[in-house]
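Enquirer: I'd like to ask some things about the structure below.
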Amino acid sequence: MSRKIEEFMKRHNLEVGDLIRVVKRDGDEHLTFEGLVMPPYELSPGETLTIKLDNGYNIGILIDTIEGVEVLGKAAEKPEMAFQEVLPRKEGLPNVTILGTGGTIASRIDYKTGAVHPAFTAEELARAVPEIFDMANITPKLIMNILSEDMKPEYWKRIAQEVAEALNSGYDGVVIAHGTDTMSYTASALSFMLRNLTKPVVLVGAQRSSDRPSSDSAMNLTCGVKMATSDVAEVMVVMHGETSDTYCLAHRGTKVRKMHTSRRDAFRSINDIPIARVWKDRIEFLRGDYRRRSQGEVEVDDRMDERVAMLKVYPGVRGEILDFLVDKGYRGVVIEGTGLGHVPGDFIPHVERAVEEGVAVCVTSQCLYGRVNLNVYSNGRKLLRAGAIPCEDMLPETAYVKLMWVLGHTEDLKEVREMMLTNYAGEITPYTRFDTFLR
């Protein structure tokens with residue numbers, strides 16, 4: 001805290017958490033604000049008093065413009081809640097566990113830096129949305145607390161083990177609170193690693209942190225719990241279906257992508273339609289070809305080879321990049337080609353060299369929508385002859401995760417090709433749908 005703001009707060013007997021009324025000079029006018037005193041933003045020049053308004057937003061007021069301060073209430077001294085009391089349970093409700101991994105759904109603003117940081121425990125998250133206790137008996141568990149961009153393949157394995165343990169111990173469904181930026185990667189990984197899945201596994205997140213008035217965390221979590229009690233025994237992502245708080249969409253874990261940096265309805269099913277629309281009190285299924293709830297032990301097949309890279313094709317891309325990956329010991333590369341899966345003609349000899357060295361080279365399209373077809377143009381046919389594996393209509397990130405999983409089982413390129421072209425978790429649609437293109 002700067003000396004200037006410290007002296008200002010001391011002069012007016014202000015503490016963080018006090019409820020105050022501030023009169024600010026704005027030209028010839030005087031504006032009045034009421035709110036809670038927040039910790040100073042440490043990267044500011046030190047001349048701003050930050051208060052949280054009743055609407056949930058924070059404002060900074062230059063102290064040189066403040067002409068009056070009235071303390072309406074002092075900060076209450078409250079011990080931190082340990083959340084160790086017994087969570088409410090009701091006879092006859094399904095049992096759902098919420099596994100916390102971090103992300104914006106479990107974040108709040110750090111007022112020292114202005115950044116969003118993981119903060120909530122799983123218990124806090126559950127108590128922030130009390131209506132979920134009327135839908136299921138909730139057991140929260142924090143298994144990690146990281147930001148989405150810090151997710152790693154080794155964490156996917158840990159999540160998969162926690163999910164299987166929960167489902168095999170009697171829980172009727174699992175909800176995973178996860179950061180949105182890499183949620184589709186985790187959803188794909190779980191789709192391949194959780195074998196003989198018999199119950200719902202739902203990933204939920206938030207585009208806006210829980211302390212913002214426009215936060216989508218409560219509705220996403222509520223709809224996620226609703227879907228976790230459904231008949232769908234698949235890995236799904238449940239997020240807002242439109243910008244307003246009307247319904248969520250349940251997307252298949254291998255066909256979903258975040259398509260906007262900040263909109264609440266950022267997630268879309270690609271080359272496919274969602275499984276369902278989800279309201280807080282009902283589910284409208286949009287398709288009937290989903291895996292149904294059943295009996296049996298869920299198995300975890302988490303054998304993965306992390307020596308896989310993604311490479312995007314662009315004008316001027318040099319084949320030496322692929323050579324570098326091969327020389328560094330990578331066993332697989334997913335190429336995001338242009339259009340139908342194209343690469344420049346002078347790139348193809350480098351693909352041929354990689355395949356000769358035993359490296360699996362898979363081709364997807366950076367267009368996202370549509371299907372890879374290497375039989376249309378000459379460079380595509382040359383790419384096929386070089387040994388590249390066309391990945392049908394798989395999303396690049398899905399192909400990336402799948403190739404790691406496949407290489408965890410075999411390095412024989414013939415078997416790799418067969419497994420990459422086998423539909424294990426709905427990652428390949430049998431035909432191209434023309435009603436799924438995002439307009």
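If you're wondering about the labels, chains in the structure tokens are A, B, ... by order shown, residues count from 1 in each chain, ligands from 1 in order shown.
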Which residues, written as number ranges by chain, have at least one atom at most 8 Å from stretch 384-391 of chain A, with only C-alpha atoms counted and residues fewer than 5 positions away on the same chain left out?
Expert: A: 341, 348-349, 351-352, 355, 360-364, 372-374, 399, 417, 420-421
Enquirer: What's the 7 Å shell around A:Gly408, counting only C-alpha atoms, without same-chain residues fewer than 5 positions away, as number ranges by chain?
Expert: A: 303-305
Enquirer: Keeping N, CA and C atoms, export the residues of the selection given above as a compact mmCIF listing (two decimals), in the first residue's frame.
Expert:
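Wrote it out as again12.txt, contents follow:
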# COMPACT_ATOMS: atom_id res chain seq x y z
N ARG A 303 -2.71 -45.00 -20.18
CA ARG A 303 -1.41 -45.12 -20.85
C ARG A 303 -1.33 -44.08 -21.95
N MET A 304 -0.45 -43.12 -21.78
CA MET A 304 -0.32 -42.03 -22.75
C MET A 304 1.16 -41.73 -22.98
N ASP A 305 1.49 -41.44 -24.21
CA ASP A 305 2.84 -41.00 -24.57
C ASP A 305 2.77 -39.50 -24.81
Enquirer: I need the residues of stretch 202-329 of chain A that end up classed as strand (DSSP E or B) by DSSP on the backbone, written out as a ChimeraX atom specification.
Expert: /A:202-204,232,235-240,248-252,256-258,267-269,276-278,283-285,292,299-300,308-312
Enquirer: With N, CA and C atoms kept, could you save the residues just selected as a CSV table (one decimal), in the first residue's frame?
Expert:
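result-v4.csv was written with the following content:
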chain,number,residue,atom,x,y,z
A,202,VAL,N,-19.3,-34.8,-16.0
A,202,VAL,CA,-19.6,-33.5,-16.5
A,202,VAL,C,-18.6,-32.5,-16.1
A,203,LEU,N,-18.0,-31.8,-17.1
A,203,LEU,CA,-17.1,-30.7,-16.8
A,203,LEU,C,-17.8,-29.4,-16.9
A,204,VAL,N,-17.6,-28.5,-15.9
A,204,VAL,CA,-18.3,-27.2,-16.0
A,204,VAL,C,-17.2,-26.1,-15.7
A,232,VAL,N,-27.2,-40.1,-19.2
A,232,VAL,CA,-26.1,-40.1,-20.2
A,232,VAL,C,-24.8,-40.5,-19.5
A,235,VAL,N,-18.7,-38.5,-21.1
A,235,VAL,CA,-18.0,-37.3,-20.6
A,235,VAL,C,-18.6,-36.1,-21.4
A,236,MET,N,-19.0,-35.1,-20.7
A,236,MET,CA,-19.7,-34.0,-21.3
A,236,MET,C,-19.1,-32.7,-20.8
A,237,VAL,N,-19.3,-31.6,-21.6
A,237,VAL,CA,-19.0,-30.2,-21.1
A,237,VAL,C,-20.3,-29.5,-21.1
A,238,VAL,N,-20.7,-28.9,-20.0
A,238,VAL,CA,-21.9,-28.2,-19.8
A,238,VAL,C,-21.6,-26.7,-19.5
A,239,MET,N,-22.0,-25.9,-20.5
A,239,MET,CA,-21.8,-24.5,-20.4
A,239,MET,C,-23.0,-23.7,-20.9
A,240,HIS,N,-23.0,-22.4,-20.7
A,240,HIS,CA,-24.2,-21.6,-21.2
A,240,HIS,C,-24.5,-21.8,-22.7
A,248,CYS,N,-28.3,-24.2,-20.5
A,248,CYS,CA,-27.0,-24.6,-20.9
A,248,CYS,C,-27.1,-25.6,-22.0
A,249,LEU,N,-25.9,-26.0,-22.6
A,249,LEU,CA,-25.9,-27.0,-23.5
A,249,LEU,C,-24.9,-28.1,-23.0
A,250,ALA,N,-25.2,-29.3,-23.2
A,250,ALA,CA,-24.4,-30.5,-22.9
A,250,ALA,C,-23.7,-31.0,-24.1
A,251,HIS,N,-22.4,-30.7,-24.2
A,251,HIS,CA,-21.6,-31.1,-25.4
A,251,HIS,C,-20.9,-32.4,-25.2
A,252,ARG,N,-20.8,-33.2,-26.2
A,252,ARG,CA,-19.9,-34.4,-26.1
A,252,ARG,C,-18.5,-34.0,-25.9
A,256,VAL,N,-16.3,-30.8,-28.6
A,256,VAL,CA,-16.6,-29.4,-28.1
A,256,VAL,C,-15.3,-28.5,-28.2
A,257,ARG,N,-15.5,-27.3,-28.4
A,257,ARG,CA,-14.4,-26.3,-28.4
A,257,ARG,C,-14.9,-25.0,-27.9
A,258,LYS,N,-14.0,-24.3,-27.2
A,258,LYS,CA,-14.2,-22.9,-26.8
A,258,LYS,C,-14.0,-22.0,-28.0
A,267,PHE,N,-18.9,-22.0,-25.8
A,267,PHE,CA,-18.6,-23.3,-26.2
A,267,PHE,C,-19.6,-23.8,-27.3
A,268,ARG,N,-19.1,-24.5,-28.3
A,268,ARG,CA,-19.9,-25.0,-29.4
A,268,ARG,C,-19.5,-26.5,-29.6
A,269,SER,N,-20.5,-27.3,-30.0
A,269,SER,CA,-20.2,-28.6,-30.6
A,269,SER,C,-19.8,-28.4,-32.0
A,276,ALA,N,-27.8,-32.3,-25.4
A,276,ALA,CA,-29.0,-31.8,-24.8
A,276,ALA,C,-28.9,-30.3,-24.4
A,277,ARG,N,-30.1,-29.7,-24.3
A,277,ARG,CA,-30.3,-28.4,-23.6
A,277,ARG,C,-30.6,-28.7,-22.2
A,278,VAL,N,-30.0,-28.0,-21.3
A,278,VAL,CA,-30.2,-28.2,-19.9
A,278,VAL,C,-30.7,-27.0,-19.2
A,283,ILE,N,-34.3,-31.4,-18.7
A,283,ILE,CA,-33.3,-31.7,-19.7
A,283,ILE,C,-34.1,-31.9,-21.0
A,284,GLU,N,-33.7,-31.3,-22.1
A,284,GLU,CA,-34.3,-31.5,-23.4
A,284,GLU,C,-33.2,-32.2,-24.3
A,285,PHE,N,-33.4,-33.5,-24.6
A,285,PHE,CA,-32.4,-34.2,-25.4
A,285,PHE,C,-32.5,-33.8,-26.8
A,292,ARG,N,-26.0,-44.9,-22.6
A,292,ARG,CA,-26.9,-44.9,-21.5
A,292,ARG,C,-26.2,-45.3,-20.2
A,299,GLU,N,-13.2,-48.4,-15.7
A,299,GLU,CA,-11.8,-48.7,-15.8
A,299,GLU,C,-11.1,-47.5,-16.3
A,300,VAL,N,-9.9,-47.3,-15.8
A,300,VAL,CA,-9.0,-46.2,-16.2
A,300,VAL,C,-7.9,-46.8,-17.1
A,308,VAL,N,4.1,-35.9,-28.1
A,308,VAL,CA,3.3,-35.6,-29.2
A,308,VAL,C,3.2,-34.0,-29.3
A,309,ALA,N,3.3,-33.5,-30.5
A,309,ALA,CA,3.3,-32.1,-30.7
A,309,ALA,C,2.2,-31.7,-31.7
A,310,MET,N,1.8,-30.4,-31.6
A,310,MET,CA,0.8,-29.9,-32.6
A,310,MET,C,1.6,-28.9,-33.5
A,311,LEU,N,1.3,-28.9,-34.8
A,311,LEU,CA,2.0,-28.0,-35.7
A,311,LEU,C,1.0,-27.4,-36.7
A,312,LYS,N,0.9,-26.1,-36.7
A,312,LYS,CA,0.0,-25.4,-37.5
A,312,LYS,C,0.6,-25.0,-38.8
Enquirer: In Å, with one decimal, what is the gap from atom CA of A:Ala177 to atom CA of A:Leu190?
Expert: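 Value for the atom CA of A:Ala177-atom CA of A:Leu190 distance: 13.9 Å.
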Enquirer: For A:Ala218, which of A:Lys280, A:His350, A:Arg25, A:Lys382 is the closest residue, counting only C-alpha atoms?
Expert: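 When distances to A:Ala218 are compared using only C-alpha atoms, the smallest one comes from A:Lys280.
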Enquirer: From the set A:Gly332, A:Ile270, A:Glu397, A:Leu322, which residue has the shortest atom-to-atom contact distance to A:Thr436, counting only C-alpha atoms?
Expert: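 Result for the nearest residue to A:Thr436: A:Ile270.
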Enquirer: Counting only C-alpha atoms, what is within 9 Å of stretch 35-39 of chain A, bar same-chain residues fewer than 5 positions away, as a ChimeraX atom specification?
Expert: /A:1,14-22,49-54,58,75,111-112
